[in-house]
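Containing mmCIF, C-alpha atoms: protein-v6.cif.
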data_target
loop_
_atom_site.label_atom_id
_atom_site.label_comp_id
_atom_site.auth_asym_id
_atom_site.auth_seq_id
_atom_site.Cartn_x
_atom_site.Cartn_y
_atom_site.Cartn_z
CA MET A 851 -60.05 77.23 -120.50
CA THR A 852 -60.79 75.67 -117.14
CA VAL A 853 -58.85 75.01 -113.97
CA GLY A 854 -56.43 72.12 -114.51
CA LEU A 855 -56.18 69.18 -112.12
CA VAL A 856 -53.14 67.18 -111.06
CA ILE A 857 -53.57 63.86 -109.24
CA VAL A 858 -50.59 62.87 -107.07
CA SER A 859 -50.44 59.39 -105.56
CA HIS A 860 -47.84 56.96 -104.26
CA SER A 861 -49.34 54.44 -106.65
CA ALA A 862 -49.38 54.98 -110.44
CA GLN A 863 -52.46 52.78 -110.71
CA LEU A 864 -54.29 54.71 -108.00
CA ALA A 865 -53.49 58.03 -109.71
CA GLU A 866 -54.69 56.69 -113.09
CA GLY A 867 -57.87 55.34 -111.53
CA VAL A 868 -58.72 58.60 -109.79
CA ALA A 869 -58.05 60.53 -113.00
CA GLU A 870 -60.34 58.12 -114.90
CA LEU A 871 -63.12 58.60 -112.38
CA ALA A 872 -62.74 62.39 -112.29
CA GLY A 873 -62.43 62.52 -116.09
CA GLN A 874 -65.80 60.80 -116.47
CA MET A 875 -67.39 63.59 -114.42
CA ALA A 876 -65.55 66.33 -116.33
CA GLN A 877 -66.82 65.06 -119.69
CA GLY A 878 -63.60 65.95 -121.45
CA LYS A 879 -63.75 69.61 -120.48
CA VAL A 880 -60.97 69.58 -117.87
CA ALA A 881 -57.26 68.92 -118.30
CA ILE A 882 -56.28 66.23 -115.78
CA ALA A 883 -52.71 64.99 -115.38
CA VAL A 884 -51.32 62.28 -113.11
CA ALA A 885 -48.10 61.89 -111.13
CA GLY A 886 -48.16 58.42 -109.59
CA GLY A 887 -45.29 56.41 -108.14
CA THR A 888 -41.56 56.99 -108.46
CA ALA A 889 -39.53 57.43 -111.65
CA ASP A 890 -38.58 53.73 -111.59
CA GLY A 891 -42.16 52.58 -111.11
CA ALA A 892 -42.04 51.84 -107.37
CA LEU A 893 -44.54 53.07 -104.79
CA GLY A 894 -43.66 56.63 -103.77
CA THR A 895 -43.77 60.15 -105.11
CA SER A 896 -41.53 61.92 -107.58
CA VAL A 897 -40.99 65.68 -107.58
CA GLU A 898 -40.04 65.52 -111.27
CA LYS A 899 -43.19 63.63 -112.23
CA ILE A 900 -45.27 66.20 -110.37
CA ILE A 901 -43.52 69.08 -112.18
CA ASP A 902 -44.21 67.32 -115.51
CA ALA A 903 -47.88 66.93 -114.60
CA LEU A 904 -48.13 70.60 -113.61
CA ASN A 905 -46.69 71.59 -116.99
CA GLN A 906 -49.15 69.33 -118.82
CA VAL A 907 -52.22 71.09 -117.42
CA ASP A 908 -50.73 74.56 -117.04
CA GLY A 909 -53.02 77.41 -118.05
CA PRO A 910 -54.18 80.90 -117.09
CA ASP A 911 -57.00 79.58 -114.87
CA GLY A 912 -54.57 77.84 -112.53
CA ILE A 913 -54.15 74.33 -111.21
CA LEU A 914 -55.57 72.38 -108.27
CA VAL A 915 -53.44 69.49 -107.00
CA LEU A 916 -55.08 66.57 -105.19
CA LEU A 917 -52.96 64.02 -103.37
CA ASP A 918 -52.97 60.91 -101.22
CA LEU A 919 -50.65 60.38 -98.24
CA GLY A 920 -47.86 61.98 -96.25
CA SER A 921 -44.81 62.53 -98.42
CA ALA A 922 -47.02 63.39 -101.39
CA VAL A 923 -47.57 66.74 -99.66
CA MET A 924 -43.86 67.50 -99.31
CA ALA A 925 -43.00 66.33 -102.82
CA THR A 926 -45.85 68.43 -104.22
CA GLU A 927 -44.75 71.50 -102.26
CA MET A 928 -41.23 71.16 -103.68
CA ALA A 929 -42.59 70.68 -107.19
CA VAL A 930 -44.92 73.68 -106.90
CA GLU A 931 -42.07 75.88 -105.62
CA ALA A 932 -39.91 74.91 -108.60
CA PHE A 933 -42.85 75.27 -111.02
CA ALA A 934 -43.88 78.68 -109.62
CA ASN A 935 -40.35 79.95 -110.28
CA GLU A 936 -40.82 79.29 -114.00
CA GLN A 937 -44.55 79.86 -114.52
CA HIS A 938 -46.72 82.47 -112.93
CA HIS A 939 -50.01 80.65 -112.95
CA HIS A 940 -51.56 79.96 -109.59
CA VAL A 941 -51.39 76.50 -108.00
CA VAL A 942 -53.38 75.35 -104.97
CA ILE A 943 -52.64 72.12 -103.08
CA SER A 944 -55.86 70.59 -101.77
CA SER A 945 -56.09 68.76 -98.47
CA ALA A 946 -59.31 67.08 -99.64
CA PRO A 947 -59.60 63.28 -99.59
CA LEU A 948 -58.28 62.19 -102.98
CA VAL A 949 -61.23 60.45 -104.62
CA GLU A 950 -64.05 62.69 -103.45
CA GLY A 951 -61.93 65.81 -103.85
CA ALA A 952 -60.95 64.94 -107.42
CA VAL A 953 -64.50 64.11 -108.48
CA ILE A 954 -65.93 67.32 -106.99
CA ALA A 955 -63.08 69.39 -108.42
CA ALA A 956 -63.62 67.90 -111.88
CA VAL A 957 -67.31 68.83 -111.83
CA GLU A 958 -66.64 72.34 -110.53
CA ALA A 959 -63.85 72.94 -113.04
CA SER A 960 -65.95 71.60 -115.93
CA ILE A 961 -68.59 74.29 -115.41
CA GLY A 962 -65.94 76.98 -115.63
CA ASN A 963 -65.60 77.91 -111.97
CA SER A 964 -62.53 79.77 -110.70
CA LEU A 965 -59.59 78.10 -108.98
CA GLN A 966 -60.75 79.43 -105.62
CA GLU A 967 -64.25 78.02 -106.15
CA VAL A 968 -62.93 74.67 -107.34
CA ALA A 969 -60.52 74.49 -104.38
CA GLU A 970 -63.25 75.35 -101.85
CA ALA A 971 -65.64 72.81 -103.33
CA ALA A 972 -62.96 70.10 -103.21
CA ALA A 973 -62.10 71.02 -99.61
CA SER A 974 -65.77 70.56 -98.66
CA ALA A 975 -65.32 66.86 -99.44
CA THR A 976 -63.46 66.54 -96.14
CA THR A 977 -66.72 66.84 -94.18
CA LEU A 978 -68.98 65.14 -96.68
CA PRO A 979 -70.62 62.12 -95.02
CA LYS A 980 -70.52 59.04 -97.23
CA VAL A 981 -73.38 57.06 -95.70
CA HIS A 982 -76.83 58.55 -94.93
CA ASP A 983 -80.13 57.32 -93.57
CA ARG A 984 -83.39 59.05 -94.52
CA LYS A 985 -82.99 61.81 -91.94
CA GLY A 986 -79.63 62.71 -93.41
CA GLU A 987 -77.79 61.46 -90.33
CA GLU A 988 -74.79 59.19 -90.62
CA LYS A 989 -76.06 55.64 -90.51
CA ASP A 990 -75.29 53.38 -87.58
CA TYR A 991 -75.38 49.65 -88.32
CA MET B 442 -7.95 71.72 -89.23
CA PRO B 443 -11.03 72.79 -91.23
CA ILE B 444 -13.20 70.50 -93.36
CA THR B 445 -11.96 70.79 -96.95
CA THR B 446 -13.77 70.06 -100.21
CA GLU B 447 -11.85 66.75 -100.35
CA ASP B 448 -13.08 65.91 -96.83
CA THR B 449 -16.62 66.74 -97.92
CA LEU B 450 -16.37 64.38 -100.88
CA ARG B 451 -14.91 61.63 -98.67
CA TRP B 452 -17.76 62.14 -96.19
CA LEU B 453 -20.43 61.86 -98.88
CA HIS B 454 -18.73 58.85 -100.42
CA GLN B 455 -18.63 57.16 -97.03
CA VAL B 456 -22.29 58.07 -96.32
CA ALA B 457 -23.21 56.14 -99.48
CA VAL B 458 -21.17 53.16 -98.21
CA VAL B 459 -22.68 53.31 -94.70
CA LEU B 460 -26.25 53.68 -95.94
CA HIS B 461 -25.73 50.78 -98.32
CA GLU B 462 -24.44 48.65 -95.41
CA ASN B 463 -27.40 49.74 -93.27
CA ARG B 464 -29.99 49.31 -96.00
CA GLU B 465 -31.59 46.24 -94.42
CA PHE B 466 -31.33 47.67 -90.90
CA LEU B 467 -33.11 50.93 -91.85
CA THR B 468 -35.76 49.04 -93.77
CA GLN B 469 -36.31 46.72 -90.80
CA LEU B 470 -36.79 49.76 -88.55
CA ASP B 471 -39.26 51.15 -91.09
CA SER B 472 -41.36 47.99 -91.47
CA PRO B 473 -43.26 47.94 -88.17
CA ILE B 474 -44.01 51.69 -88.22
CA GLY B 475 -43.69 52.85 -91.82
CA ASP B 476 -43.73 51.55 -95.36
CA ALA B 477 -40.52 49.49 -95.15
CA ASP B 478 -38.72 51.56 -97.75
CA HIS B 479 -36.40 53.89 -95.82
CA GLY B 480 -33.27 51.77 -96.32
CA ILE B 481 -34.07 51.20 -99.98
CA ASN B 482 -34.82 54.89 -100.55
CA MET B 483 -31.71 56.20 -98.77
CA ASP B 484 -29.49 53.66 -100.53
CA ARG B 485 -30.95 54.54 -103.93
CA GLY B 486 -30.56 58.26 -103.21
CA PHE B 487 -26.94 58.07 -102.09
CA GLN B 488 -25.95 55.66 -104.87
CA ALA B 489 -27.18 58.40 -107.22
CA VAL B 490 -25.13 60.92 -105.20
CA LEU B 491 -22.11 58.63 -105.60
CA ASP B 492 -22.58 58.72 -109.38
CA LYS B 493 -22.74 62.53 -109.28
CA LEU B 494 -19.65 63.08 -107.08
CA PRO B 495 -17.09 62.99 -109.93
CA THR B 496 -18.96 65.86 -111.63
CA VAL B 497 -18.68 68.13 -108.57
CA ALA B 498 -15.01 67.49 -107.71
CA GLY B 499 -13.28 70.87 -107.70
CA MET B 500 -16.43 72.80 -106.87
CA ASP B 501 -16.93 74.68 -103.59
CA ILE B 502 -18.55 72.92 -100.64
CA GLY B 503 -21.82 74.83 -101.05
CA SER B 504 -22.19 73.67 -104.65
CA ILE B 505 -21.36 70.08 -103.70
CA LEU B 506 -24.01 70.03 -100.96
CA LYS B 507 -26.60 71.65 -103.24
CA THR B 508 -25.95 68.99 -105.87
CA VAL B 509 -26.49 66.32 -103.20
CA GLY B 510 -29.80 68.01 -102.31
CA THR B 511 -31.17 68.10 -105.85
CA THR B 512 -30.01 64.53 -106.47
CA LEU B 513 -31.82 63.27 -103.35
CA VAL B 514 -35.00 65.15 -104.26
CA SER B 515 -35.13 63.50 -107.67
CA THR B 516 -34.10 59.97 -106.66
CA VAL B 517 -35.55 59.22 -103.22
CA GLY B 518 -39.21 58.27 -103.54
CA GLY B 519 -40.36 58.63 -99.93
CA ALA B 520 -40.62 61.54 -97.53
CA SER B 521 -36.86 61.44 -96.97
CA GLY B 522 -36.31 62.80 -100.51
CA PRO B 523 -37.89 66.22 -99.94
CA LEU B 524 -36.63 66.26 -96.32
CA TYR B 525 -32.95 65.39 -96.85
CA GLY B 526 -33.07 67.19 -100.19
CA THR B 527 -34.11 70.40 -98.46
CA ALA B 528 -31.57 69.83 -95.69
CA PHE B 529 -28.63 69.52 -98.11
CA LEU B 530 -29.88 72.38 -100.29
CA ARG B 531 -30.08 74.69 -97.27
CA ALA B 532 -26.73 73.46 -95.92
CA GLY B 533 -25.27 74.24 -99.35
CA MET B 534 -26.78 77.71 -99.45
CA VAL B 535 -25.20 78.80 -96.15
CA ASN B 536 -21.81 77.50 -97.32
CA ALA B 537 -21.97 78.88 -100.86
CA GLY B 538 -18.52 79.62 -102.27
CA LYS B 539 -16.64 78.11 -99.31
CA HIS B 540 -13.74 75.69 -99.77
CA GLU B 541 -13.09 75.18 -96.05
CA LEU B 542 -15.50 74.82 -93.14
CA TYR B 543 -14.59 75.86 -89.60
CA GLU B 544 -16.55 75.31 -86.38
CA ALA B 545 -18.98 78.19 -86.96
CA ASP B 546 -19.60 77.05 -90.56
CA VAL B 547 -20.47 73.54 -89.37
CA VAL B 548 -22.88 74.95 -86.79
CA ASP B 549 -24.46 77.12 -89.52
CA MET B 550 -24.69 74.09 -91.79
CA LEU B 551 -26.40 71.94 -89.14
CA GLU B 552 -28.75 74.77 -88.24
CA ALA B 553 -29.73 75.41 -91.87
CA ALA B 554 -30.28 71.68 -92.47
CA LEU B 555 -32.41 71.29 -89.34
CA GLU B 556 -34.47 74.42 -90.08
CA GLY B 557 -35.00 73.16 -93.63
CA ILE B 558 -36.30 69.80 -92.39
CA LYS B 559 -38.53 71.44 -89.79
CA ALA B 560 -39.99 73.83 -92.38
CA ARG B 561 -40.50 71.16 -95.04
CA GLY B 562 -41.97 68.58 -92.68
CA LYS B 563 -43.67 71.09 -90.37
CA ALA B 564 -42.08 69.09 -87.58
CA VAL B 565 -41.00 69.95 -84.05
CA PRO B 566 -38.96 67.88 -81.57
CA GLY B 567 -40.76 64.99 -79.84
CA GLU B 568 -42.69 63.74 -82.87
CA LYS B 569 -40.45 60.71 -83.53
CA THR B 570 -38.67 62.08 -86.59
CA MET B 571 -35.22 63.09 -87.91
CA VAL B 572 -35.65 66.30 -85.93
CA ASP B 573 -35.22 64.30 -82.71
CA ALA B 574 -31.67 63.34 -83.74
CA LEU B 575 -30.71 66.61 -85.42
CA SER B 576 -31.97 69.05 -82.76
CA PRO B 577 -29.76 67.70 -79.95
CA ALA B 578 -26.88 67.42 -82.43
CA LEU B 579 -27.13 71.13 -83.24
CA LEU B 580 -27.34 72.00 -79.55
CA ALA B 581 -24.22 69.93 -78.79
CA ALA B 582 -22.37 71.51 -81.72
CA LYS B 583 -23.26 75.00 -80.50
CA GLU B 584 -22.03 74.17 -76.99
CA ALA B 585 -18.79 72.72 -78.32
CA GLU B 586 -18.27 75.84 -80.44
CA ALA B 587 -18.88 78.13 -77.44
CA GLN B 588 -16.37 76.13 -75.40
CA HIS B 589 -13.77 76.20 -78.23
CA LEU B 590 -13.35 72.43 -78.13
CA GLY B 591 -12.17 72.25 -81.71
CA LEU B 592 -13.79 70.84 -84.83
CA SER B 593 -13.03 67.20 -84.13
CA GLN B 594 -14.69 67.31 -80.69
CA LEU B 595 -17.59 69.34 -82.08
CA LEU B 596 -18.34 66.69 -84.71
CA ARG B 597 -17.95 63.86 -82.19
CA ARG B 598 -20.30 65.49 -79.67
CA ALA B 599 -22.88 66.29 -82.35
CA SER B 600 -22.81 62.65 -83.45
CA GLU B 601 -23.16 61.39 -79.88
CA ALA B 602 -26.05 63.76 -79.19
CA ALA B 603 -27.77 62.56 -82.37
CA GLU B 604 -27.33 58.95 -81.25
CA LYS B 605 -28.87 59.74 -77.87
CA GLY B 606 -31.73 61.60 -79.54
CA MET B 607 -32.27 58.69 -81.91
CA LYS B 608 -32.54 56.20 -79.02
CA ALA B 609 -34.92 58.56 -77.22
CA THR B 610 -37.39 58.20 -80.12
CA ILE B 611 -38.14 54.58 -79.08
CA PRO B 612 -40.85 55.37 -76.46
CA LEU B 613 -42.33 58.25 -78.48
CA LEU B 614 -45.74 58.23 -80.16
CA ALA B 615 -45.40 59.20 -83.83
CA THR B 616 -47.52 62.09 -85.01
CA LYS B 617 -45.79 62.68 -88.34
CA GLY B 618 -45.39 60.60 -91.46
CA ARG B 619 -46.74 57.15 -92.22
CA ALA B 620 -46.12 56.08 -88.61
CA SER B 621 -48.75 58.58 -87.44
CA TYR B 622 -51.45 56.40 -89.02
CA LEU B 623 -50.47 53.68 -86.55
CA GLY B 624 -51.05 55.63 -83.34
CA GLU B 625 -50.07 53.58 -80.28
CA ARG B 626 -48.49 50.91 -82.46
CA SER B 627 -45.63 53.33 -83.19
CA ILE B 628 -44.52 53.26 -79.54
CA GLY B 629 -41.52 51.03 -78.75
CA HIS B 630 -39.81 51.38 -82.13
CA GLN B 631 -36.75 53.45 -83.00
CA ASP B 632 -37.47 56.01 -85.72
CA PRO B 633 -35.76 55.14 -89.03
CA GLY B 634 -35.38 58.81 -90.06
CA ALA B 635 -33.66 59.70 -86.79
CA THR B 636 -31.42 56.67 -87.38
CA SER B 637 -30.33 57.72 -90.87
CA SER B 638 -29.73 61.27 -89.58
CA TRP B 639 -27.42 59.84 -86.90
CA LEU B 640 -25.60 57.68 -89.46
CA ILE B 641 -24.93 60.74 -91.64
CA LEU B 642 -23.57 62.75 -88.67
CA LYS B 643 -21.59 59.80 -87.33
CA THR B 644 -19.98 59.40 -90.73
CA LEU B 645 -19.16 63.12 -90.73
CA ALA B 646 -17.38 62.72 -87.39
CA ASP B 647 -15.63 59.54 -88.56
CA THR B 648 -14.35 61.01 -91.83
CA CYS B 649 -13.73 64.66 -90.91
CA GLY B 650 -13.20 64.55 -87.14
#
The structure given in the file should be rewritten as structure tokens.
Amino acid sequence: MTVGLVIVSHSAQLAEGVAELAGQMAQGKVAIAVAGGTADGALGTSVEKIIDALNQVDGPDGILVLLDLGSAVMATEMAVEAFANEQHHHVVISSAPLVEGAVIAAVEASIGNSLQEVAEAAASATTLPKVHDRKGEEKDY
Amino acid sequence: MPITTEDTLRWLHQVAVVLHENREFLTQLDSPIGDADHGINMDRGFQAVLDKLPTVAGMDIGSILKTVGTTLVSTVGGASGPLYGTAFLRAGMVNAGKHELYEADVVDMLEAALEGIKARGKAVPGEKTMVDALSPALLAAKEAEAQHLGLSQLLRRASEAAEKGMKATIPLLATKGRASYLGERSIGHQDPGATSSWLILKTLADTCG
């Protein structure tokens, strides 16, 4: 087993896209579930969809949740509280940027790292510079 | 005269009507500083509450409010779902088993709702949110209770304090929610969440006061 990942986004398409990208890095070794948009397909977040996604990837190694904006945090917190009442597996909500965090988490989970290691690696994405010059400094155009 | 279970149901029914009437207004408030969905979300949530009300008739007030909370959590797509959901769940918990609410119960209910919203949203007053309407409302309710003004006056004063708090959000800079991404652009607009909070309290005063 590996750590499971849940991708929460206001947009169903964004969630699917992030899961696709992370899944490519995980090479089929990591369970990744999505909770994108509201129950009726609008932009937003759904506590029930998030609970469903948590159940889909539930396992003894725990779950890392990656999310996009604002209310996704509150909806995920409510879902995790409800989920934790039923299941006893550990869930961590990541404050990492969604795309980078999901990709890093997928790689870390695929090599069998623990939830804490996967969560810390994903969190490091927050300070990861995207653009470098040869000296490793951020590039100024 | 206390608030009865029938009053509670009338209040919630009327909230659904008022939010439906104010759907465009709330969405207009939300478009310059948010994602233009607050009116749509609140209307959808309370229409779902309306559908649920027949199933809770005869239950105690705590159970009714808790049902409202879970319904809002599962039907409102934006931040207001978890926020109002938590508020009604907490308000229901402090009034579990009660069939009548007196002044102290209403104060407890407002306090539990406000604390729930603050905990869920990690919000404090002055951040241009629902808290800016609900905090002064609780304070006014507590004062009215201490002065033994009666339930009707308590509800009226809480509603008026919420309205004042709501208007005071206009010059504030938002640091919570989608509006916080806008920085200075959020100044000069009335907060939609504070507005819906006022509408809910105003309707409480109108139906139960």
Q. Which residues fall under the PyMOL selection byres ((chain B and resi 485) around 12) in this file, as a ChimeraX atom specification?
A. /A:888-890,892 /B:457-458,460-461,464,478-484,486-492,512-519,521-522
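Residue nearest B:Thr511 within the list A:His939, A:Gly886, A:Glu898, A:His982: A:Glu898 [criterion: smallest interatomic distance, all atoms listed in the file].
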Q. Closest to A:Val853 among A:Ile900, A:Ala955, A:Leu916, A:Val981, using only C-alpha atoms?
A. A:Ala955
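For stretch 917-922 of chain A, the list of residues within 6 Å, based on all atoms listed in the file and with local chain neighbours fewer than 3 positions off taken out, reads Ile857, Val858, Ser859, Thr895, Ala925, Thr926 and Leu948 of chain A; Ala520 and Gly618 of chain B.
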(Q) Under the PyMOL selection byres ((chain B and resi 629) around 8), which residues of this model are included? Write them out as number ranges by chain. (A) B: 611-613, 626-628, 630-631
Same residues, C-alpha atoms, output as a CSV table (one decimal), keeping the file's coordinate frame:
chain,number,residue,atom,x,y,z
B,611,ILE,CA,-38.1,54.6,-79.1
B,612,PRO,CA,-40.8,55.4,-76.5
B,613,LEU,CA,-42.3,58.2,-78.5
B,626,ARG,CA,-48.5,50.9,-82.5
B,627,SER,CA,-45.6,53.3,-83.2
B,628,ILE,CA,-44.5,53.3,-79.5
B,630,HIS,CA,-39.8,51.4,-82.1
B,631,GLN,CA,-36.8,53.4,-83.0
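When you apply the PyMOL selection byres ((chain B and resi 549) around 10) to this structure, what comes back is Arg531, Ala532, Val535, Asn536, Leu542, Tyr543, Glu544, Ala545, Asp546, Val547, Val548, Met550, Leu551, Glu552, Ala553, Ala554, Leu555, Leu579, Ala582 and Lys583 of chain B.
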Q. Which polymer residues have any atom within 10 Å of an atom of B:Ile641, counting all atoms listed in the file, with same-chain residues fewer than 4 positions away left out, as an MDAnalysis selection string?
A. chainID B and resid 452:453 455:457 459:460 600 603 636:637 645:647
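With all atoms listed in the file as the basis for measurement, B:Ala477 is the residue among B:Ala602, B:Leu640, B:Ala574, B:Ala477 that approaches chain A most closely.
Compared by their closest atoms to chain B, and using only C-alpha atoms, the residues A:Ile882, A:Leu904, A:Met924, A:Ala869 rank with A:Met924 nearest.
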Local residues around (-35.7, 62.4, -88.8), at most 6 Å away, using all atoms listed in the file, as a CSV table (one decimal) with C-alpha atoms, in the frame of the given file:
chain,number,residue,atom,x,y,z
B,570,THR,CA,-38.7,62.1,-86.6
B,571,MET,CA,-35.2,63.1,-87.9
B,572,VAL,CA,-35.6,66.3,-85.9
B,634,GLY,CA,-35.4,58.8,-90.1
B,635,ALA,CA,-33.7,59.7,-86.8
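When all atoms listed in the file are used to measure the gap to chain B, the shortest distance among A:Ala975, A:Leu855, A:Val923, A:Ala881 belongs to A:Val923.
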Q) Which polymer residues have any atom within 12 Å of an atom of A:Pro910, counting all atoms listed in the file, with same-chain residues fewer than 2 positions away left out, as a ChimeraX atom specification? A) /A:851-854,905,907-908,912-913,937-941,964-965
I want to know what sits within 9 Å of B:Arg561, based on all atoms listed in the file, with residues of the same chain fewer than 5 positions away left out; could you give that as a short mmCIF file (atom, residue, chain, number, x, y, z; two decimals) with C-alpha atoms, in the coordinates of the input?
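File selection.cif, as written:
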data_model
loop_
_atom_site.label_atom_id
_atom_site.label_comp_id
_atom_site.auth_asym_id
_atom_site.auth_seq_id
_atom_site.Cartn_x
_atom_site.Cartn_y
_atom_site.Cartn_z
CA MET A 924 -43.86 67.50 -99.31
CA GLU A 927 -44.75 71.50 -102.26
CA MET A 928 -41.23 71.16 -103.68
CA PRO B 523 -37.89 66.22 -99.94
CA LEU B 524 -36.63 66.26 -96.32
CA THR B 527 -34.11 70.40 -98.46
CA GLU B 556 -34.47 74.42 -90.08
#
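Applying the 12 Å criterion to (-67.3, 68.3, -122.1) in file coordinates and using all atoms listed in the file, one obtains the residues Met851, Thr852, Gly873, Gln874, Met875, Ala876, Gln877, Gly878, Lys879, Val880, Ala881, Ala956, Val957, Ala959, Ser960, Ile961 and Gly962 of chain A.
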Kindly reconstruct stretch 610-629 of chain B with N, CA and C atoms and present the result as a CSV table (one decimal), keeping the file's coordinate frame.
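Saved the output as selection12.csv:
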chain,number,residue,atom,x,y,z
B,610,THR,N,-36.1,58.3,-79.3
B,610,THR,CA,-37.4,58.2,-80.1
B,610,THR,C,-38.2,56.9,-79.9
B,611,ILE,N,-37.5,55.9,-79.2
B,611,ILE,CA,-38.1,54.6,-79.1
B,611,ILE,C,-39.5,54.7,-78.3
B,612,PRO,N,-39.6,55.3,-77.2
B,612,PRO,CA,-40.8,55.4,-76.5
B,612,PRO,C,-41.8,56.4,-77.0
B,613,LEU,N,-41.5,57.2,-78.0
B,613,LEU,CA,-42.3,58.2,-78.5
B,613,LEU,C,-43.5,57.7,-79.3
B,614,LEU,N,-44.6,58.5,-79.3
B,614,LEU,CA,-45.7,58.2,-80.2
B,614,LEU,C,-45.6,59.1,-81.4
B,615,ALA,N,-45.6,58.4,-82.6
B,615,ALA,CA,-45.4,59.2,-83.8
B,615,ALA,C,-46.6,60.0,-84.2
B,616,THR,N,-46.4,61.3,-84.5
B,616,THR,CA,-47.5,62.1,-85.0
B,616,THR,C,-47.3,62.6,-86.4
B,617,LYS,N,-46.1,62.2,-87.0
B,617,LYS,CA,-45.8,62.7,-88.3
B,617,LYS,C,-45.5,61.5,-89.2
B,618,GLY,N,-45.8,61.6,-90.5
B,618,GLY,CA,-45.4,60.6,-91.5
B,618,GLY,C,-46.3,59.4,-91.4
B,619,ARG,N,-45.9,58.3,-92.1
B,619,ARG,CA,-46.7,57.2,-92.2
B,619,ARG,C,-47.0,56.5,-90.8
B,620,ALA,N,-46.0,56.7,-89.9
B,620,ALA,CA,-46.1,56.1,-88.6
B,620,ALA,C,-47.3,56.7,-87.8
B,621,SER,N,-47.7,57.9,-88.2
B,621,SER,CA,-48.8,58.6,-87.4
B,621,SER,C,-50.1,57.9,-87.7
B,622,TYR,N,-50.2,57.1,-88.8
B,622,TYR,CA,-51.4,56.4,-89.0
B,622,TYR,C,-51.6,55.2,-88.0
B,623,LEU,N,-50.5,54.9,-87.4
B,623,LEU,CA,-50.5,53.7,-86.6
B,623,LEU,C,-50.8,54.0,-85.1
B,624,GLY,N,-50.7,55.3,-84.7
B,624,GLY,CA,-51.0,55.6,-83.3
B,624,GLY,C,-50.2,54.9,-82.3
B,625,GLU,N,-50.8,54.2,-81.4
B,625,GLU,CA,-50.1,53.6,-80.3
B,625,GLU,C,-49.1,52.5,-80.8
B,626,ARG,N,-49.4,52.0,-81.9
B,626,ARG,CA,-48.5,50.9,-82.5
B,626,ARG,C,-47.1,51.4,-82.8
B,627,SER,N,-47.0,52.8,-82.9
B,627,SER,CA,-45.6,53.3,-83.2
B,627,SER,C,-44.7,53.4,-82.0
B,628,ILE,N,-45.3,53.2,-80.8
B,628,ILE,CA,-44.5,53.3,-79.5
B,628,ILE,C,-43.7,52.0,-79.4
B,629,GLY,N,-42.4,52.2,-79.0
B,629,GLY,CA,-41.5,51.0,-78.8
B,629,GLY,C,-40.6,50.8,-79.9
